[in-house]
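Novice: I'd like to ask you about the structure that follows.
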Amino acid sequence: MRPEDKILKLLKQGNKLGLELLFKQFYKPLVVYASKFVESEEEAEDLVQEVFISFWESDKLATVQNYIRGYLYNSVKNKCLNYRKKIDKIKIKGIDNYSESLFENFPDEDGFQEKIAKINAEIDKLPERSKEIFVGVYIHRLKYDEIAEELDISKNTVKTTLSRTMKSLREKLSKESFALLLLLIS
């Protein structure tokens with residue numbers, strides 16, 4: 001019996017040992033594979049972990065007959081491609097929505113300083129943890145892992161907080177000021 005068949009059998013029995021063996025055998029190769037599709041190893045690791053979690057929590061085990069390796073590689077590829085599509089759409093939407101109005105009404109030096117002051121004021125109003133994460137990522141250019149370790153929180157908490165912070169800033173700032181913020185932090 002191939003190791004993959006043994007793993008699949010254990011998984012279908014609901015035995016967590018199957019998940020451990022699956023992780024040990026496939027995690028690193030899948031991260032390397034995912035790295036071909038995304039920009040960083042961190043993103044690749046996150047996406048592979050999401051595939052494992054989804055695989056374990058859903059009823060997908062019933063649909064996998066024999067070729068767990070092919071199923072996992074295909075799942076990782078699809079997860080990465082969907083992630084890229086989502087990220088690219090966010091980047092394009094964010095820049096397209098704001099850059100046009102920014103350059104049409106680009107402020108003079110005083111107006112520019114005023115917009116910077118408004119941006120800084122809104123950043124200062126952020127909850128302390130949100131502000132720490134925002135400054136860490138966009139000002140100090142720290143990686144999510146570094147911020148998570150420094151603040152003793154999970155990397156997913158960093159991502160979620162940063163996403164909520166950007167949404168909050170988008171709502172509170174004018175289009176021009178938010179576009180300027182995007183340009184400053186990119």
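Identifiers in the structure tokens: chain A, B, ... in order shown; residue index from 1 per chain; ligand index from 1 in order shown.
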For A:Thr157, list every protein, DNA or RNA residue within 12 Å, evaluated using only C-alpha atoms, and leave out those in the same chain fewer than 3 positions away; present the list as a list in words.
Specialist: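 The contact residues come out as Arg129, Ser130, Ile133, Tyr144, Asp145, Ile147, Ala148, Glu149, Leu151, Asp152, Ile153, Ser154, Thr160, Thr161, Leu162, Ser163, Arg164 and Thr165 of chain A.
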Novice: Which polymer residues have any atom within 8 Å of an atom of A:Phe178, counting only C-alpha atoms, with same-chain residues fewer than 3 positions away left out, as a PyMOL selection string?
Specialist: chain A and resi 98+119+169-170+173-175+181-182
Novice: Provide the atom CA of A:Lys131 to atom CA of A:Ser168 distance in Å, to one decimal place.
Specialist: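 Distance reported for this atom pair: 11.7 Å.
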Novice: Closest to A:Glu45 among A:Cys80, A:Leu19, A:Ile123, A:Ala117, using only C-alpha atoms?
Specialist: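 Using only C-alpha atoms, A:Glu45 sits closest to A:Cys80.
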Novice: Contacts of A:Phe23 at 9 Å or less, counting only C-alpha atoms, minus same-chain residues fewer than 5 places along, as a list in words?
Specialist: Gly18, Lys28 and Phe52 of chain A
Novice: Any chance you could export the current selection's N, CA and C atoms as a PDB file, in the first residue's frame?
Specialist:
ATOM      1  N   GLY A  18      -3.833  10.651  10.262  1.00  0.00           N
ATOM      2  CA  GLY A  18      -3.827  10.817   8.803  1.00  0.00           C
ATOM      3  C   GLY A  18      -3.492  12.247   8.416  1.00  0.00           C
ATOM      4  N   LYS A  28       5.825  20.808   2.893  1.00  0.00           N
ATOM      5  CA  LYS A  28       6.971  21.515   2.315  1.00  0.00           C
ATOM      6  C   LYS A  28       6.948  21.509   0.785  1.00  0.00           C
ATOM      7  N   PHE A  52      -5.070  22.713   3.600  1.00  0.00           N
ATOM      8  CA  PHE A  52      -5.123  21.613   4.563  1.00  0.00           C
ATOM      9  C   PHE A  52      -6.340  21.746   5.472  1.00  0.00           C
TER      10      PHE A  52
END
Novice: Give the answer as one residue: which of A:Glu150, A:Glu114, A:Asp124, A:Glu41 has the shortest atom-to-atom distance to A:Ser177, using only C-alpha atoms?
Specialist: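 Of the candidates, the smallest distance to A:Ser177 is held by A:Glu114.
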Novice: When you count only C-alpha atoms, which of these residues is closest to A:Phe37: A:Lys77, A:Lys24, A:Lys86, A:Lys115?
Specialist: A:Lys77
